[in-house]
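Visitor: For reference, the file entry21.csv (CSV, C-alpha atoms and all ligand atoms) is included below:
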```csv
chain,number,residue,atom,x,y,z
A,1344,MET,CA,0.7,29.0,32.0
A,1345,SER,CA,-1.2,26.9,29.4
A,1346,LEU,CA,0.7,24.4,27.4
A,1347,PHE,CA,-2.0,24.6,24.9
A,1348,LYS,CA,-2.4,28.3,24.5
A,1349,ASN,CA,-1.7,28.3,20.8
A,1350,TYR,CA,-4.5,25.8,20.3
A,1351,SER,CA,-7.3,27.5,22.2
A,1352,LYS,CA,-10.7,27.0,20.6
A,1353,ASP,CA,-10.9,30.6,19.5
A,1354,SER,CA,-7.6,30.7,17.6
A,1355,GLU,CA,-8.2,30.1,14.0
A,1356,SER,CA,-6.6,27.0,12.5
A,1357,ILE,CA,-4.6,27.2,9.3
A,1358,PHE,CA,-6.4,24.1,8.1
A,1359,LYS,CA,-9.8,24.2,6.4
A,1360,ASN,CA,-9.8,20.4,6.0
A,1361,GLU,CA,-6.7,18.6,7.2
A,1362,ILE,CA,-8.0,15.2,6.0
A,1363,ALA,CA,-7.3,16.2,2.4
A,1364,LEU,CA,-3.6,15.9,3.2
A,1365,ASP,CA,-3.9,12.3,4.5
A,1366,PRO,CA,-2.3,9.9,2.2
A,1367,SER,CA,-5.3,7.6,2.3
A,1368,PHE,CA,-7.7,10.5,1.3
A,1369,THR,CA,-9.3,9.8,-2.0
A,1370,PRO,CA,-10.0,12.9,-4.0
A,1371,ARG,CA,-13.5,13.1,-5.6
A,1372,GLY,CA,-14.1,12.8,-9.3
A,1373,LYS,CA,-11.7,12.1,-12.0
A,1374,ILE,CA,-8.0,12.0,-11.2
A,1375,GLU,CA,-5.6,14.0,-13.3
A,1376,PHE,CA,-2.7,12.6,-15.4
A,1377,ARG,CA,-3.7,9.0,-15.2
A,1378,GLU,CA,-6.3,9.0,-17.9
A,1379,ASN,CA,-4.4,6.6,-20.1
A,1380,GLU,CA,-3.6,4.2,-17.3
A,1381,ASN,CA,-7.2,4.3,-16.1
A,1382,GLN,CA,-8.4,3.5,-19.7
A,1383,TYR,CA,-5.9,0.6,-19.9
A,1384,ILE,CA,-7.2,-0.9,-16.7
A,1385,ALA,CA,-10.8,-0.4,-17.9
A,1386,ASP,CA,-10.0,-2.1,-21.2
A,1387,CYS,CA,-8.8,-5.2,-19.4
A,1388,ILE,CA,-12.2,-5.3,-17.5
A,1389,LYS,CA,-14.5,-4.5,-20.4
A,1390,PRO,CA,-15.0,-8.1,-21.7
A,1391,LEU,CA,-16.7,-8.8,-18.4
A,1392,LEU,CA,-19.4,-6.3,-19.3
A,1393,HIS,CA,-20.2,-8.6,-22.3
A,1394,ARG,CA,-20.1,-11.6,-19.9
A,1395,ARG,CA,-16.8,-12.8,-21.3
A,1396,ASN,CA,-13.6,-13.5,-19.4
A,1397,GLY,CA,-11.5,-10.4,-18.7
A,1398,LYS,CA,-7.8,-9.9,-19.0
A,1399,ASN,CA,-5.4,-10.0,-16.0
A,1400,LEU,CA,-3.0,-7.3,-15.3
A,1401,ILE,CA,0.1,-6.5,-13.4
A,1402,ILE,CA,0.6,-2.9,-12.5
A,1403,PHE,CA,4.1,-1.8,-11.4
A,1404,GLY,CA,5.9,1.4,-10.6
A,1405,PRO,CA,7.7,3.2,-7.7
A,1406,PRO,CA,5.9,4.3,-4.5
A,1407,GLY,CA,3.5,7.2,-4.2
A,1408,ILE,CA,2.6,7.8,-7.9
A,1409,GLY,CA,-1.1,6.9,-7.9
A,1410,LYS,CA,-1.3,3.2,-8.6
A,1411,THR,CA,-3.6,2.4,-5.7
A,1412,LEU,CA,-5.6,5.6,-6.4
A,1413,ALA,CA,-6.1,4.7,-10.1
A,1414,CYS,CA,-7.4,1.3,-9.2
A,1415,LYS,CA,-9.7,2.6,-6.6
A,1416,LYS,CA,-11.1,5.1,-9.2
A,1417,VAL,CA,-11.7,2.3,-11.7
A,1418,LYS,CA,-13.5,0.4,-9.0
A,1419,GLU,CA,-15.6,3.4,-8.2
A,1420,ALA,CA,-16.5,3.9,-11.9
A,1421,LEU,CA,-17.3,0.3,-12.5
A,1422,GLU,CA,-19.6,0.1,-9.5
A,1423,GLU,CA,-21.4,3.2,-10.8
A,1424,GLU,CA,-21.8,1.6,-14.2
A,1425,THR,CA,-23.1,-1.9,-13.3
A,1426,ASN,CA,-23.9,-4.1,-10.4
A,1427,GLU,CA,-23.3,-7.2,-12.4
A,1428,ILE,CA,-19.6,-7.1,-11.7
A,1429,SER,CA,-18.3,-7.5,-8.1
A,1430,VAL,CA,-15.1,-5.6,-7.4
A,1431,PHE,CA,-12.9,-6.8,-4.6
A,1432,TYR,CA,-10.0,-4.6,-3.4
A,1433,ILE,CA,-7.6,-6.3,-1.0
A,1434,ASN,CA,-4.2,-5.2,0.3
A,1435,LEU,CA,-2.1,-8.3,0.5
A,1436,TRP,CA,0.4,-6.8,3.0
A,1437,LYS,CA,-2.5,-6.5,5.4
A,1438,LYS,CA,-4.2,-9.7,4.4
A,1439,ASN,CA,-1.2,-11.9,3.7
A,1440,THR,CA,-2.5,-15.4,4.2
A,1441,GLN,CA,-5.0,-17.4,2.3
A,1442,HIS,CA,-7.3,-17.5,5.3
A,1443,LYS,CA,-7.2,-13.8,5.9
A,1444,ILE,CA,-7.9,-13.1,2.2
A,1445,THR,CA,-10.8,-15.5,2.3
A,1446,LEU,CA,-12.3,-13.8,5.3
A,1447,GLU,CA,-11.9,-10.5,3.6
A,1448,LEU,CA,-13.7,-11.8,0.6
A,1449,CYS,CA,-16.5,-13.0,2.9
A,1450,GLU,CA,-16.6,-9.5,4.5
A,1451,GLN,CA,-16.8,-7.7,1.1
A,1452,LEU,CA,-19.5,-10.2,0.0
A,1453,ASP,CA,-21.3,-9.3,3.2
A,1454,TYR,CA,-21.3,-13.0,4.2
A,1455,LYS,CA,-21.4,-13.2,7.9
A,1456,PHE,CA,-21.6,-16.8,8.8
A,1457,THR,CA,-17.9,-17.4,9.0
A,1458,HIS,CA,-17.8,-18.8,12.5
A,1459,ASN,CA,-16.7,-22.4,12.9
A,1460,LYS,CA,-16.1,-22.9,9.2
A,1461,SER,CA,-12.8,-24.0,7.8
A,1462,SER,CA,-10.9,-21.9,5.3
A,1463,GLU,CA,-11.6,-24.5,2.6
A,1464,GLU,CA,-15.3,-24.4,3.4
A,1465,LEU,CA,-15.4,-20.7,3.3
A,1466,LEU,CA,-13.5,-20.5,0.1
A,1467,ARG,CA,-16.0,-22.9,-1.5
A,1468,ILE,CA,-18.9,-20.6,-0.4
A,1469,VAL,CA,-17.0,-17.5,-1.6
A,1470,LYS,CA,-16.3,-19.1,-5.1
A,1471,GLN,CA,-20.0,-20.1,-5.4
A,1472,LYS,CA,-21.2,-16.6,-4.6
A,1473,ILE,CA,-18.7,-14.8,-6.8
A,1474,ASN,CA,-19.6,-17.1,-9.8
A,1475,GLN,CA,-23.1,-15.7,-9.7
A,1476,ASN,CA,-21.6,-12.6,-11.2
A,1477,SER,CA,-18.4,-11.6,-12.9
A,1478,ALA,CA,-15.6,-10.4,-10.7
A,1479,VAL,CA,-12.6,-8.0,-10.6
A,1480,PHE,CA,-10.0,-8.7,-8.0
A,1481,ILE,CA,-7.5,-5.9,-7.2
A,1482,PHE,CA,-4.6,-7.3,-5.1
A,1483,ASP,CA,-2.6,-4.4,-3.9
A,1484,GLU,CA,1.0,-4.9,-2.6
A,1485,ALA,CA,0.7,-8.4,-4.3
A,1486,ASP,CA,4.4,-9.2,-3.8
A,1487,LYS,CA,3.9,-9.1,0.0
A,1488,ALA,CA,1.5,-12.1,0.1
A,1489,GLU,CA,2.8,-15.1,2.0
A,1490,SER,CA,1.3,-17.5,-0.6
A,1491,LEU,CA,-0.3,-17.0,-3.9
A,1492,GLU,CA,-2.1,-20.4,-3.6
A,1493,LEU,CA,-5.5,-18.5,-3.6
A,1494,LEU,CA,-4.7,-17.1,-7.0
A,1495,TYR,CA,-4.4,-20.6,-8.5
A,1496,GLN,CA,-7.8,-21.3,-7.1
A,1497,LEU,CA,-9.3,-18.1,-8.5
A,1498,THR,CA,-7.8,-18.7,-11.9
A,1499,GLU,CA,-9.2,-22.2,-11.9
A,1500,ASP,CA,-12.6,-21.9,-10.3
A,1501,ILE,CA,-13.9,-18.4,-11.1
A,1502,TYR,CA,-15.3,-18.3,-14.6
A,1503,ARG,CA,-15.4,-14.6,-15.6
A,1504,LYS,CA,-12.8,-12.4,-13.9
A,1505,THR,CA,-10.0,-9.9,-14.2
A,1506,ILE,CA,-7.2,-10.2,-11.6
A,1507,ILE,CA,-5.2,-7.0,-11.1
A,1508,MET,CA,-2.0,-7.2,-9.1
A,1509,ILE,CA,-0.2,-4.1,-8.0
A,1510,THR,CA,3.5,-4.1,-7.0
A,1511,ASN,CA,6.5,-1.8,-6.7
A,1512,ASP,CA,8.8,-4.5,-7.9
A,1513,LYS,CA,9.3,-4.3,-11.7
A,1514,ASN,CA,10.8,-7.8,-11.7
A,1515,TRP,CA,8.1,-9.5,-9.7
A,1516,ILE,CA,6.4,-10.9,-12.8
A,1517,TYR,CA,9.6,-12.9,-13.5
A,1518,LYS,CA,9.6,-14.3,-10.0
A,1519,LEU,CA,6.1,-15.7,-10.3
A,1520,ASP,CA,5.8,-19.4,-10.3
A,1521,PRO,CA,5.7,-20.4,-14.1
A,1522,ARG,CA,2.6,-22.5,-13.5
A,1523,LEU,CA,0.8,-19.5,-12.0
A,1524,LYS,CA,2.1,-17.2,-14.7
A,1525,SER,CA,0.9,-19.4,-17.5
A,1526,ARG,CA,-2.5,-19.5,-15.9
A,1527,ILE,CA,-2.8,-15.8,-15.3
A,1528,MET,CA,-1.0,-14.6,-18.5
A,1529,PRO,CA,-1.1,-11.0,-17.3
A,1530,ASP,CA,-0.7,-7.9,-19.3
A,1531,SER,CA,1.6,-5.4,-17.7
A,1532,LEU,CA,1.2,-1.7,-17.2
A,1533,GLU,CA,4.0,0.6,-15.9
A,1534,PHE,CA,3.2,3.7,-14.0
A,1535,ARG,CA,5.8,6.4,-14.6
A,1536,PRO,CA,6.6,9.0,-12.0
A,1537,TYR,CA,4.9,12.4,-12.3
A,1538,LYS,CA,6.6,15.3,-14.0
A,1539,LYS,CA,7.2,18.5,-12.1
A,1540,ASP,CA,4.2,20.4,-13.5
A,1541,GLU,CA,2.0,17.4,-12.8
A,1542,ILE,CA,3.2,17.3,-9.2
A,1543,LYS,CA,2.5,21.0,-8.9
A,1544,SER,CA,-1.0,20.7,-10.1
A,1545,ILE,CA,-1.8,17.6,-7.9
A,1546,LEU,CA,-0.4,19.4,-4.8
A,1547,LYS,CA,-2.2,22.6,-5.6
A,1548,SER,CA,-5.5,20.9,-5.7
A,1549,ARG,CA,-4.9,19.4,-2.3
A,1550,VAL,CA,-3.8,22.8,-1.0
A,1551,GLN,CA,-7.1,24.2,-2.1
A,1552,LEU,CA,-9.0,21.5,-0.3
A,1553,ALA,CA,-6.9,21.6,2.9
A,1554,PHE,CA,-6.3,25.3,3.5
A,1555,ASN,CA,-7.9,28.7,3.2
A,1556,GLN,CA,-6.7,30.9,0.3
A,1557,SER,CA,-3.1,32.2,0.1
A,1558,ILE,CA,-2.1,30.5,3.3
A,1559,ILE,CA,1.1,29.3,1.8
A,1560,GLU,CA,3.9,31.6,0.5
A,1561,GLN,CA,4.8,31.0,-3.2
A,1562,LYS,CA,8.4,30.3,-2.3
A,1563,ALA,CA,7.5,27.8,0.3
A,1564,MET,CA,5.2,26.0,-2.1
A,1565,GLU,CA,8.0,25.8,-4.7
A,1566,LEU,CA,10.3,24.2,-2.2
A,1567,ILE,CA,7.7,21.6,-1.4
A,1568,ILE,CA,7.2,20.9,-5.1
A,1569,ASP,CA,11.0,20.5,-5.6
A,1570,LYS,CA,11.3,18.1,-2.7
A,1571,THR,CA,8.4,16.0,-4.0
A,1572,GLU,CA,9.9,15.9,-7.5
A,1573,GLU,CA,13.2,14.8,-6.0
A,1574,ALA,CA,11.5,12.0,-4.1
A,1575,THR,CA,9.1,11.2,-7.0
A,1576,ASP,CA,6.5,10.4,-4.3
A,1577,ILE,CA,3.3,12.5,-3.9
A,1578,ARG,CA,3.1,11.3,-0.2
A,1579,ILE,CA,6.3,13.3,0.5
A,1580,GLY,CA,4.5,16.5,-0.8
A,1581,LEU,CA,1.4,15.8,1.4
A,1582,PHE,CA,3.6,15.1,4.4
A,1583,LEU,CA,5.5,18.4,3.9
A,1584,LEU,CA,2.3,20.4,3.5
A,1585,ARG,CA,0.8,19.0,6.6
A,1586,GLU,CA,4.0,19.2,8.7
A,1587,SER,CA,4.9,22.8,7.7
A,1588,ALA,CA,1.3,23.9,8.5
A,1589,PHE,CA,1.7,22.4,12.0
A,1590,ILE,CA,5.1,24.1,12.4
A,1591,ALA,CA,3.6,27.5,11.2
A,1592,GLU,CA,0.6,27.0,13.6
A,1593,SER,CA,2.8,26.3,16.6
A,1594,SER,CA,4.8,29.4,15.9
A,1595,SER,CA,1.5,31.4,15.7
A,1596,SER,CA,2.1,32.3,12.1
A,1597,LYS,CA,-0.9,32.8,9.8
A,1598,GLN,CA,1.1,31.8,6.8
A,1599,ILE,CA,3.3,28.8,5.8
A,1600,LYS,CA,6.7,30.2,5.1
A,1601,ASN,CA,9.9,28.9,3.7
A,1602,GLU,CA,11.4,28.5,7.2
A,1603,HIS,CA,8.5,26.3,8.2
A,1604,VAL,CA,9.0,24.1,5.1
A,1605,GLU,CA,12.7,23.9,5.8
A,1606,LYS,CA,11.9,22.6,9.3
A,1607,ALA,CA,9.4,20.1,7.9
A,1608,ILE,CA,12.1,18.9,5.5
A,1609,SER,CA,14.4,18.2,8.3
A,1610,LYS,CA,11.8,15.8,9.6
A,1611,LEU,CA,11.6,13.9,6.4
A,1612,ALA,CA,14.1,11.3,7.7
A,1613,ASP,CA,11.3,10.1,10.0
A,1614,PHE,CA,8.8,9.9,7.2
A,1615,LYS,CA,8.0,6.5,5.8
A,1616,LYS,CA,5.2,5.0,4.0
A,1617,PRO,CA,2.5,3.8,6.5
A,1618,ILE,CA,3.4,0.2,7.1
A,1619,GLU,CA,1.0,-2.5,8.3
A,1620,LEU,CA,3.0,-5.2,10.0
A,1621,ASP,CA,1.5,-8.6,10.7
A,1622,LYS,CA,1.8,-10.3,14.1
A,1623,ASP,CA,4.9,-12.2,13.2
A,1624,GLU,CA,6.6,-9.2,11.7
A,1625,GLU,CA,5.8,-7.2,14.8
A,1626,LYS,CA,7.2,-10.1,16.9
A,1627,ILE,CA,10.4,-10.2,14.9
A,1628,MET,CA,10.8,-6.4,15.2
A,1629,GLU,CA,10.5,-6.7,19.0
A,1630,ILE,CA,13.1,-9.4,19.1
A,1631,VAL,CA,15.5,-7.4,16.9
A,1632,ASP,CA,15.0,-4.4,19.1
A,1633,LYS,CA,15.8,-6.4,22.3
A,1634,ASN,CA,18.7,-8.3,20.7
A,1635,PRO,CA,20.9,-5.9,18.7
A,1636,ASN,CA,23.7,-7.2,16.5
A,1637,LYS,CA,22.4,-10.8,16.3
A,1638,THR,CA,22.6,-12.8,13.1
A,1639,THR,CA,19.4,-13.9,11.2
A,1640,ASN,CA,20.0,-17.5,12.5
A,1641,GLU,CA,20.2,-16.3,16.1
A,1642,ILE,CA,17.1,-14.2,15.7
A,1643,PHE,CA,15.3,-17.1,14.2
A,1644,MET,CA,16.2,-19.3,17.2
A,1645,ILE,CA,14.7,-16.7,19.6
A,1646,TYR,CA,11.7,-16.3,17.4
A,1647,GLN,CA,11.1,-20.0,17.3
A,1648,ASN,CA,11.4,-20.4,21.0
A,1649,ALA,CA,9.1,-17.4,21.7
A,1650,ASP,CA,5.9,-19.5,21.4
A,1651,GLU,CA,4.8,-23.0,20.9
A,1652,GLN,CA,3.9,-22.9,17.3
A,1653,ASN,CA,6.3,-24.4,14.9
A,1654,LYS,CA,7.7,-21.6,12.8
A,1655,SER,CA,9.3,-22.5,9.5
A,1656,GLN,CA,12.6,-20.9,8.6
A,1657,ARG,CA,11.3,-20.1,5.1
A,1658,THR,CA,8.4,-18.0,6.4
A,1659,PHE,CA,10.8,-16.3,8.8
A,1660,LEU,CA,13.2,-15.4,6.0
A,1661,ARG,CA,10.3,-14.0,3.9
A,1662,LYS,CA,9.3,-11.8,6.9
A,1663,ILE,CA,12.9,-10.6,7.3
A,1664,ASN,CA,12.9,-9.8,3.6
A,1665,ASN,CA,9.7,-7.8,3.9
A,1666,LEU,CA,11.1,-5.9,6.9
A,1667,GLU,CA,14.2,-5.1,5.0
A,1668,LYS,CA,12.2,-3.9,2.0
A,1669,ALA,CA,10.2,-1.7,4.3
A,1670,ASN,CA,13.5,-0.1,5.5
A,1671,LEU,CA,12.8,-1.2,9.1
A,1672,ILE,CA,15.9,-3.4,9.3
A,1673,LYS,CA,19.2,-3.7,7.5
A,1674,LEU,CA,21.1,-6.9,6.9
A,1675,GLU,CA,24.9,-6.7,7.2
A,1676,GLU,CA,27.0,-9.5,5.8
A,1677,VAL,CA,29.6,-11.0,8.1
A,1678,GLN,CA,32.2,-13.6,7.4
A,1679,GLY,CA,32.6,-16.2,10.2
A,1680,ILE,CA,34.2,-19.5,10.6
A,1681,GLN,CA,31.0,-21.2,9.5
A,1682,GLY,CA,30.8,-19.1,6.4
A,1683,ARG,CA,28.7,-16.1,5.5
A,1684,SER,CA,25.9,-14.9,7.7
A,1685,TYR,CA,23.9,-11.7,8.2
A,1686,LYS,CA,23.6,-9.4,11.2
A,1687,VAL,CA,20.2,-7.8,11.6
A,1688,LYS,CA,20.2,-4.1,12.5
A,1689,LYS,CA,17.2,-2.1,13.3
A,1690,LEU,CA,16.9,1.1,11.2
A,1691,SER,CA,14.0,3.0,12.7
A,1692,GLU,CA,11.1,3.1,15.1
A,1693,PHE,CA,8.2,1.0,13.9
B,1,LIG,N1,-3.1,12.0,-10.0
B,1,LIG,C1,-3.3,12.2,-8.7
B,1,LIG,N2,-4.2,13.1,-8.3
B,1,LIG,C2,-4.5,13.3,-7.0
B,1,LIG,N3,-3.8,12.7,-6.0
B,1,LIG,C3,-2.9,11.7,-6.4
B,1,LIG,C4,-2.6,11.5,-7.7
B,1,LIG,N4,-1.7,10.5,-7.8
B,1,LIG,C5,-1.4,10.2,-6.5
B,1,LIG,N5,-2.1,10.9,-5.7
B,1,LIG,C6,-2.1,10.9,-4.2
B,1,LIG,O1,-0.8,10.5,-3.8
B,1,LIG,C7,-0.8,9.6,-2.7
B,1,LIG,C8,-0.1,8.3,-3.1
B,1,LIG,O2,-0.8,7.6,-4.1
B,1,LIG,P1,-1.1,6.1,-4.1
B,1,LIG,O3,-1.4,5.6,-2.8
B,1,LIG,O4,-2.0,5.7,-5.2
B,1,LIG,O5,0.4,5.6,-4.5
B,1,LIG,P2,0.9,4.2,-5.0
B,1,LIG,O6,1.5,4.3,-6.4
B,1,LIG,O7,-0.1,3.1,-4.8
B,1,LIG,O8,2.2,4.0,-4.0
B,1,LIG,P3,2.7,2.6,-3.3
B,1,LIG,O9,3.4,1.8,-4.3
B,1,LIG,O10,3.7,3.1,-2.3
B,1,LIG,O11,1.5,1.9,-2.7
B,1,LIG,C9,-2.3,9.4,-2.4
B,1,LIG,O12,-2.6,10.2,-1.3
B,1,LIG,C10,-3.0,9.8,-3.7
B,1,LIG,O13,-4.3,10.2,-3.4
B,2,MG,MG,-0.4,1.7,-3.3
```
Could the structure of this file be written out as structure tokens, please?
Guide:
Amino acid sequence: MSLFKNYSKDSESIFKNEIALDPSFTPRGKIEFRENENQYIADCIKPLLHRRNGKNLIIFGPPGIGKTLACKKVKEALEEETNEISVFYINLWKKNTQHKITLELCEQLDYKFTHNKSSEELLRIVKQKINQNSAVFIFDEADKAESLELLYQLTEDIYRKTIIMITNDKNWIYKLDPRLKSRIMPDSLEFRPYKKDEIKSILKSRVQLAFNQSIIEQKAMELIIDKTEEATDIRIGLFLLRESAFIAESSSSKQIKNEHVEKAISKLADFKKPIELDKDEEKIMEIVDKNPNKTTNEIFMIYQNADEQNKSQRTFLRKINNLEKANLIKLEEVQGIQGRSYKVKKLSEF
């Protein structure tokens, strides 16, 4: 008996190019349905082409509707147009401290002598290098940054720039420190969710890249489109396409049918946006896992005792907040003798 008999080298795969269904895959060429948004972003950057200062911009909208993709496309187009503007793309969920962002800027500038240099020293070098050109900074997941101190520095010390910040949180702009807001004075651009026929067209293009022709039954495709529209998130459509193809393959079907999509839909509960946790967030998740039903204060005590570094409660609460936003934990209010507190419940695997 072979456990892998359906996957023998000779059996033909349903996929032509599975990567095309990966959420991080960037389709080639122009992207559909975001022409106006792309133009808006480009207009904020245009003054830099005339060696004037650009406009800053906050982009907001719900998950999975092409905000990151649109910015990456603008970056691509700008790099094709000129080499007098440096474009930096940084995801602030992954690089969430000033030091990590500075190191990332060094990396993107191809500056390798970072060893034994302090963050301040590196930042000074980075600023000097960036000022030889004009610069566009794209800070994705900007609301996840631990501190926006670096933004002050960039607004003050970089002469010609456009700072683009991407967030899901419509109200983030109101939460910004007024001093920073008045320095950045950003325009704002809302991305709206795609309409059904737009979703259909986007997913069909991916289907063409990912599969051989007519591999997916029309009814099955319609079901995927409906589910994606309901979720207003293209990633859901990509997940369902890939998952139902796996299910079809493992039942030795040459076509993706409605029943395969139905099964894939039942797995949607497990689907979540790929999340990058930093070390502290991972540690907190581990503690929450091992200590169910504890309050935020109790978790904080364990977290603080876990290593020698002095952890601030403010940072801890911000991390808890991030984990809640990412749907990894839930905070349940409890009324005790000492007043109100919150129990931390783990929601899913991480
Ligand atoms: N117009 C489009 N054409 C082709 N693919 C698209 C389009 N819009 C979005 N996508 C695809 O949908 C997926 C999600 O898009 P993207 O990562 O840009 O979402 P986002 O708005 O940045 O979401 P989040 O706020 O969760 O980060 C990606 O795989 C992207 O390639
Ligand atoms: Mg994004």
Visitor: Give the answer as one residue: which of A:Lys1487, A:Asn1514, A:Val1604, A:Gly1682 has the shortest atom-to-atom distance to Leu1666 in chain A, using all atoms listed in the file?
Guide: A:Lys1487
Visitor: Would you work out the distance separating CA of Thr1440 in chain A from atom O7 of ligand LIG 1 (chain B), expressed in Å to one decimal?
Guide: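 These two atoms are separated by 20.7 Å.
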Visitor: If you take all atoms listed in the file and a cut-off of 6 Å, which residues of chain A touch ligand LIG 1 (chain B), and what are their nearest atom pairs and distances in Å to one decimal, in chain and number order, as JSON lines?
Guide:
```
{"residue": "A:Pro1366", "atom": "CA", "partner": "B:LIG1", "partner_atom": "O12", "distance": 3.5}
{"residue": "A:Ser1367", "atom": "CA", "partner": "B:LIG1", "partner_atom": "O12", "distance": 5.2}
{"residue": "A:Phe1368", "atom": "CA", "partner": "B:LIG1", "partner_atom": "O12", "distance": 5.7}
{"residue": "A:Thr1369", "atom": "CA", "partner": "B:LIG1", "partner_atom": "O13", "distance": 5.2}
{"residue": "A:Ile1374", "atom": "CA", "partner": "B:LIG1", "partner_atom": "N2", "distance": 4.9}
{"residue": "A:Glu1375", "atom": "CA", "partner": "B:LIG1", "partner_atom": "N1", "distance": 4.6}
{"residue": "A:Phe1376", "atom": "CA", "partner": "B:LIG1", "partner_atom": "N1", "distance": 5.4}
{"residue": "A:Pro1405", "atom": "CA", "partner": "B:LIG1", "partner_atom": "O9", "distance": 5.7}
{"residue": "A:Pro1406", "atom": "CA", "partner": "B:LIG1", "partner_atom": "O10", "distance": 3.3}
{"residue": "A:Gly1407", "atom": "CA", "partner": "B:LIG1", "partner_atom": "O8", "distance": 3.5}
{"residue": "A:Ile1408", "atom": "CA", "partner": "B:LIG1", "partner_atom": "O6", "distance": 4.0}
{"residue": "A:Gly1409", "atom": "CA", "partner": "B:LIG1", "partner_atom": "O4", "distance": 3.1}
{"residue": "A:Lys1410", "atom": "CA", "partner": "B:LIG1", "partner_atom": "O6", "distance": 3.7}
{"residue": "A:Thr1411", "atom": "CA", "partner": "B:LIG1", "partner_atom": "O7", "distance": 3.7}
{"residue": "A:Leu1412", "atom": "CA", "partner": "B:LIG1", "partner_atom": "O4", "distance": 3.8}
{"residue": "A:Asn1511", "atom": "CA", "partner": "B:LIG1", "partner_atom": "O9", "distance": 5.3}
{"residue": "A:Ile1545", "atom": "CA", "partner": "B:LIG1", "partner_atom": "N2", "distance": 5.1}
{"residue": "A:Ile1577", "atom": "CA", "partner": "B:LIG1", "partner_atom": "O1", "distance": 4.6}
{"residue": "A:Arg1578", "atom": "CA", "partner": "B:LIG1", "partner_atom": "C7", "distance": 4.9}
```
Visitor: Need the shell around Gln1561 in chain A: protein/DNA/RNA residues with any atom at most 12 Å away, counting only C-alpha atoms. Skip same-chain ones fewer than 4 positions apart. Format as a list in words?
Guide: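 Close residues of Gln1561 in chain A: Lys1543, Lys1547, Ser1557, Glu1565, Leu1566, Ile1567, Ile1568, Gln1598, Ile1599, Lys1600, Asn1601 and Val1604 of chain A.
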Visitor: Using CA of Asp1621 in chain A and CA of Ser1655 in chain A as the two end points, give the distance in Å to one decimal.
Guide: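 The value is 16.0 Å.
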Visitor: Just the residues within 7 Å of range 1531-1539 of chain A, please, counting all atoms listed in the file, with nothing from its chain fewer than 4 positions along; format it as number ranges by chain.
Guide: A: 1400-1404, 1408, 1543, 1572, 1575
Visitor: Would you please work out which residue, of A:Cys1387, A:Ile1433, A:Ile1362, A:Ile1509, is nearest to ligand MG 2 (chain B) when using all atoms listed in the file?
Guide: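 When distances to ligand MG 2 (chain B) are compared using all atoms listed in the file, the smallest one comes from A:Ile1509.
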Visitor: For a quick check of understanding, using only C-alpha atoms and all ligand atoms, which of A:Ala1488, A:Leu1660, A:Cys1414, A:Ile1428 has the smallest distance to ligand MG 2 (chain B)?
Guide: A:Cys1414
Visitor: Determine the nearest neighbour of Asn1434 in chain A from the options A:Asn1665, A:Ser1356, A:Thr1510, A:Asn1636, counting only C-alpha atoms.
Guide: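 Closest to Asn1434 in chain A of all the choices is A:Thr1510.
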Visitor: In Å, how far is it from CA of Asn1670 in chain A to CA of Lys1610 in chain A?
Guide: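 Between CA of Asn1670 in chain A and CA of Lys1610 in chain A the gap is 16.5 Å.
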Visitor: Go through A:Leu1392, A:Leu1446, A:Ile1481, A:Met1564 and flag the residue nearest ligand MG 2 (chain B), using only C-alpha atoms and all ligand atoms for the distances.
Guide: A:Ile1481
Visitor: Give the answer as one residue: which of A:Asp1576, A:Glu1422, A:Glu1492, A:Glu1464 has the shortest atom-to-atom distance to ligand MG 2 (chain B), using all atoms listed in the file?
Guide: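 The answer is A:Asp1576, which sits nearest to ligand MG 2 (chain B).
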